[in-house]
Amino acid sequence: MGGIDNPARLGTWPAYTAAMWGLLFALPSFVWATGNTFGARSTVAPSLVRLAEDGVPWFVAVLWATGCLKLVGSVIGIGLTRPRGRRTSRLLVGCGSGAAVLLAWHGGLFVVQGALAETGVVSVGQETAGLTRWYLCLWGPWFLIGGLAFAWAVVRYVRRHRDRRELRLYGAAGAFGALVLSLAATAAGIG
């Protein structure tokens, strides 16, 4: 008949979107960790570009670590494509919910800060004045898309799982932990 044999498969596209997002977002981290700043010069703070170009060891380590974390996010996205065992499901939902909150928070901050700078409500330093539009129109939305993809993937996963109630608790714990981390980082001026 040409239709879809397994309607549950329709619900996997948000998880695959999250997985692809993580994979695509890991690439710049690995490229920049090698000292190649392709795509960074006009879209990222010059001080960070200099750290990558100069191969500052701690910054290169941060780039490799964040690239690996983004690949872990990709694995989480793949994991959310179909029901798993109890422990794995708890881990996937907790981490996926945490990723959703971290990414949405970070993207939201970029959009708000970019909008405030572009409208002249806040002033930015000379070095970053040309970057606010990139953070408003590229980086902020990119993080928001990732956050929404993970959130939607987690919701779809939990809805299809037999232990919905328990998984909701793990999702709430992951989201709450990420929110506390995000608030603490923002208060400390990190991110």
# chains A, B, ... in the order shown; residues from 1 in each chain; ligands from 1
>>> select_by_dssp(residues="stretch 42-169 of chain A", states="alpha helix (DSSP H)", output="PyMOL selection string")
chain A and resi 46-53+57-79+86-118+132-134+140-160+164-169
>>> residues_around(residues="stretch 109-118 of chain A", least_positions_apart="2", cutoff="7 Å", atoms="only C-alpha atoms", output="count of residues only")
14
>>> closest_atom_pairs(of="stretch 54-149 of chain A", to="stretch 153-169 of chain A", cutoff="10 Å", atoms="only C-alpha atoms", output="JSON lines")
{"residue": "A:Ile76", "atom": "CA", "partner": "A:Ala153", "partner_atom": "CA", "distance": 9.8}
{"residue": "A:Gly77", "atom": "CA", "partner": "A:Ala153", "partner_atom": "CA", "distance": 7.3}
{"residue": "A:Ile78", "atom": "CA", "partner": "A:Ala153", "partner_atom": "CA", "distance": 9.7}
{"residue": "A:Gly79", "atom": "CA", "partner": "A:Tyr157", "partner_atom": "CA", "distance": 9.5}
{"residue": "A:Leu80", "atom": "CA", "partner": "A:Tyr157", "partner_atom": "CA", "distance": 5.9}
{"residue": "A:Thr81", "atom": "CA", "partner": "A:Tyr157", "partner_atom": "CA", "distance": 7.1}
{"residue": "A:Arg82", "atom": "CA", "partner": "A:Tyr157", "partner_atom": "CA", "distance": 7.1}
{"residue": "A:Pro83", "atom": "CA", "partner": "A:His161", "partner_atom": "CA", "distance": 6.2}
{"residue": "A:Arg84", "atom": "CA", "partner": "A:His161", "partner_atom": "CA", "distance": 8.6}
{"residue": "A:Gly85", "atom": "CA", "partner": "A:His161", "partner_atom": "CA", "distance": 9.9}
{"residue": "A:Arg86", "atom": "CA", "partner": "A:Asp163", "partner_atom": "CA", "distance": 8.2}
{"residue": "A:Ser89", "atom": "CA", "partner": "A:Leu167", "partner_atom": "CA", "distance": 7.4}
{"residue": "A:Arg90", "atom": "CA", "partner": "A:Leu167", "partner_atom": "CA", "distance": 6.0}
{"residue": "A:Leu91", "atom": "CA", "partner": "A:Leu167", "partner_atom": "CA", "distance": 9.3}
{"residue": "A:Leu92", "atom": "CA", "partner": "A:Val154", "partner_atom": "CA", "distance": 8.1}
{"residue": "A:Val93", "atom": "CA", "partner": "A:Val154", "partner_atom": "CA", "distance": 5.9}
{"residue": "A:Gly94", "atom": "CA", "partner": "A:Leu167", "partner_atom": "CA", "distance": 8.0}
{"residue": "A:Cys95", "atom": "CA", "partner": "A:Val154", "partner_atom": "CA", "distance": 9.4}
{"residue": "A:Gly96", "atom": "CA", "partner": "A:Val154", "partner_atom": "CA", "distance": 6.2}
{"residue": "A:Ser97", "atom": "CA", "partner": "A:Val154", "partner_atom": "CA", "distance": 6.6}
{"residue": "A:Ala100", "atom": "CA", "partner": "A:Val154", "partner_atom": "CA", "distance": 8.8}
{"residue": "A:Gly147", "atom": "CA", "partner": "A:Ala153", "partner_atom": "CA", "distance": 9.9}
{"residue": "A:Leu148", "atom": "CA", "partner": "A:Ala153", "partner_atom": "CA", "distance": 8.4}
{"residue": "A:Ala149", "atom": "CA", "partner": "A:Ala153", "partner_atom": "CA", "distance": 6.0}
>>> closest_residue(among="A:Phe150, A:Phe30, A:Tyr170, A:Phe38", to="A:Ala18", atoms="only C-alpha atoms")
A:Phe150
>>> atom_distance(atom1="atom CA of A:Thr34", atom2="atom CA of A:Val75")
23.4 Å
>>> residues_around(residues="A:Leu48", least_positions_apart="2", cutoff="12 Å", atoms="only C-alpha atoms", output="JSON, numbers by chain")
{"A": [29, 32, 33, 35, 37, 40, 41, 42, 43, 44, 45, 46, 50, 51, 52, 53, 54, 55, 56, 58, 59, 60, 62, 63, 127, 128]}
>>> write_last_selection(atoms="N, CA, C and O atoms", output="tab-separated table (two decimals), in the first residue's frame")
chain	number	residue	atom	x	y	z
A	29	SER	N	34.21	22.62	16.53
A	29	SER	CA	35.09	22.48	17.69
A	29	SER	C	36.37	21.74	17.32
A	29	SER	O	37.47	22.15	17.69
A	32	TRP	N	38.50	23.94	14.86
A	32	TRP	CA	39.15	25.05	15.58
A	32	TRP	C	40.23	24.53	16.52
A	32	TRP	O	41.22	25.22	16.78
A	33	ALA	N	40.07	23.31	17.06
A	33	ALA	CA	41.09	22.75	17.95
A	33	ALA	C	42.39	22.50	17.20
A	33	ALA	O	43.47	22.47	17.82
A	35	GLY	N	43.66	24.58	15.16
A	35	GLY	CA	44.24	25.88	14.86
A	35	GLY	C	43.65	26.52	13.63
A	35	GLY	O	43.91	27.69	13.34
A	37	THR	N	40.83	28.34	11.93
A	37	THR	CA	39.71	29.13	12.44
A	37	THR	C	38.67	29.43	11.36
A	37	THR	O	37.97	30.44	11.42
A	40	ALA	N	35.25	31.08	12.04
A	40	ALA	CA	35.25	31.68	13.37
A	40	ALA	C	35.57	33.17	13.33
A	40	ALA	O	35.09	33.93	14.16
A	41	ARG	N	36.37	33.58	12.40
A	41	ARG	CA	36.86	34.97	12.38
A	41	ARG	C	35.76	36.02	12.46
A	41	ARG	O	35.88	37.00	13.17
A	42	SER	N	34.70	35.84	11.72
A	42	SER	CA	33.65	36.87	11.71
A	42	SER	C	32.49	36.55	12.63
A	42	SER	O	31.62	37.38	12.82
A	43	THR	N	32.47	35.34	13.22
A	43	THR	CA	31.30	34.94	14.00
A	43	THR	C	31.58	34.69	15.48
A	43	THR	O	30.65	34.49	16.25
A	44	VAL	N	32.85	34.69	15.88
A	44	VAL	CA	33.23	34.38	17.26
A	44	VAL	C	34.14	35.49	17.78
A	44	VAL	O	34.88	36.11	17.00
A	45	ALA	N	34.10	35.71	19.06
A	45	ALA	CA	34.91	36.76	19.69
A	45	ALA	C	36.38	36.63	19.29
A	45	ALA	O	36.94	35.53	19.36
A	46	PRO	N	37.00	37.73	18.89
A	46	PRO	CA	38.41	37.69	18.46
A	46	PRO	C	39.35	37.10	19.51
A	46	PRO	O	40.33	36.43	19.15
A	50	ARG	N	41.95	34.07	18.67
A	50	ARG	CA	43.40	34.14	18.93
A	50	ARG	C	43.86	32.94	19.76
A	50	ARG	O	44.93	32.38	19.50
A	51	LEU	N	43.06	32.55	20.74
A	51	LEU	CA	43.43	31.38	21.56
A	51	LEU	C	43.54	30.13	20.70
A	51	LEU	O	44.46	29.32	20.88
A	52	ALA	N	42.63	29.96	19.75
A	52	ALA	CA	42.66	28.79	18.87
A	52	ALA	C	43.85	28.88	17.91
A	52	ALA	O	44.57	27.89	17.72
A	53	GLU	N	44.05	30.05	17.31
A	53	GLU	CA	45.17	30.21	16.36
A	53	GLU	C	46.52	30.01	17.04
A	53	GLU	O	47.43	29.44	16.45
A	54	ASP	N	46.64	30.49	18.26
A	54	ASP	CA	47.90	30.37	18.99
A	54	ASP	C	48.09	28.98	19.60
A	54	ASP	O	49.16	28.70	20.14
A	55	GLY	N	47.07	28.16	19.53
A	55	GLY	CA	47.18	26.80	20.06
A	55	GLY	C	47.38	26.77	21.56
A	55	GLY	O	48.10	25.90	22.08
A	56	VAL	N	46.75	27.69	22.28
A	56	VAL	CA	46.87	27.73	23.74
A	56	VAL	C	46.36	26.39	24.30
A	56	VAL	O	45.20	26.03	24.07
A	58	TRP	N	45.29	24.95	27.10
A	58	TRP	CA	44.04	24.77	27.85
A	58	TRP	C	42.83	25.01	26.96
A	58	TRP	O	41.81	24.34	27.09
A	59	PHE	N	42.94	25.97	26.02
A	59	PHE	CA	41.81	26.27	25.14
A	59	PHE	C	41.62	25.17	24.10
A	59	PHE	O	40.49	24.79	23.79
A	60	VAL	N	42.71	24.64	23.59
A	60	VAL	CA	42.62	23.52	22.65
A	60	VAL	C	41.98	22.33	23.34
A	60	VAL	O	41.12	21.64	22.76
A	62	VAL	N	39.84	22.48	25.80
A	62	VAL	CA	38.42	22.82	25.92
A	62	VAL	C	37.69	22.55	24.61
A	62	VAL	O	36.58	22.00	24.58
A	63	LEU	N	38.31	22.93	23.49
A	63	LEU	CA	37.69	22.69	22.18
A	63	LEU	C	37.52	21.19	21.92
A	63	LEU	O	36.45	20.76	21.45
A	127	GLU	N	35.71	45.31	20.48
A	127	GLU	CA	36.14	44.04	19.93
A	127	GLU	C	34.97	43.15	19.50
A	127	GLU	O	35.06	42.39	18.55
A	128	THR	N	33.84	43.26	20.21
A	128	THR	CA	32.71	42.37	19.93
A	128	THR	C	31.54	43.08	19.25
A	128	THR	O	30.51	42.44	18.99
>>> closest_residue(among="A:Ala188, A:Gly108, A:Leu69, A:Gly146", to="A:Tyr16", atoms="only C-alpha atoms")
A:Gly146
>>> closest_residue(among="A:Cys137, A:Ala61, A:Ile145, A:Leu27", to="A:Pro14", atoms="only C-alpha atoms")
A:Ile145
>>> closest_residue(among="A:Pro57, A:Ala65, A:Ser47, A:Lys70", to="A:Leu23", atoms="only C-alpha atoms")
A:Lys70
>>> atom_distance(atom1="atom CA of A:Leu24", atom2="atom CA of A:Leu183")
26.4 Å
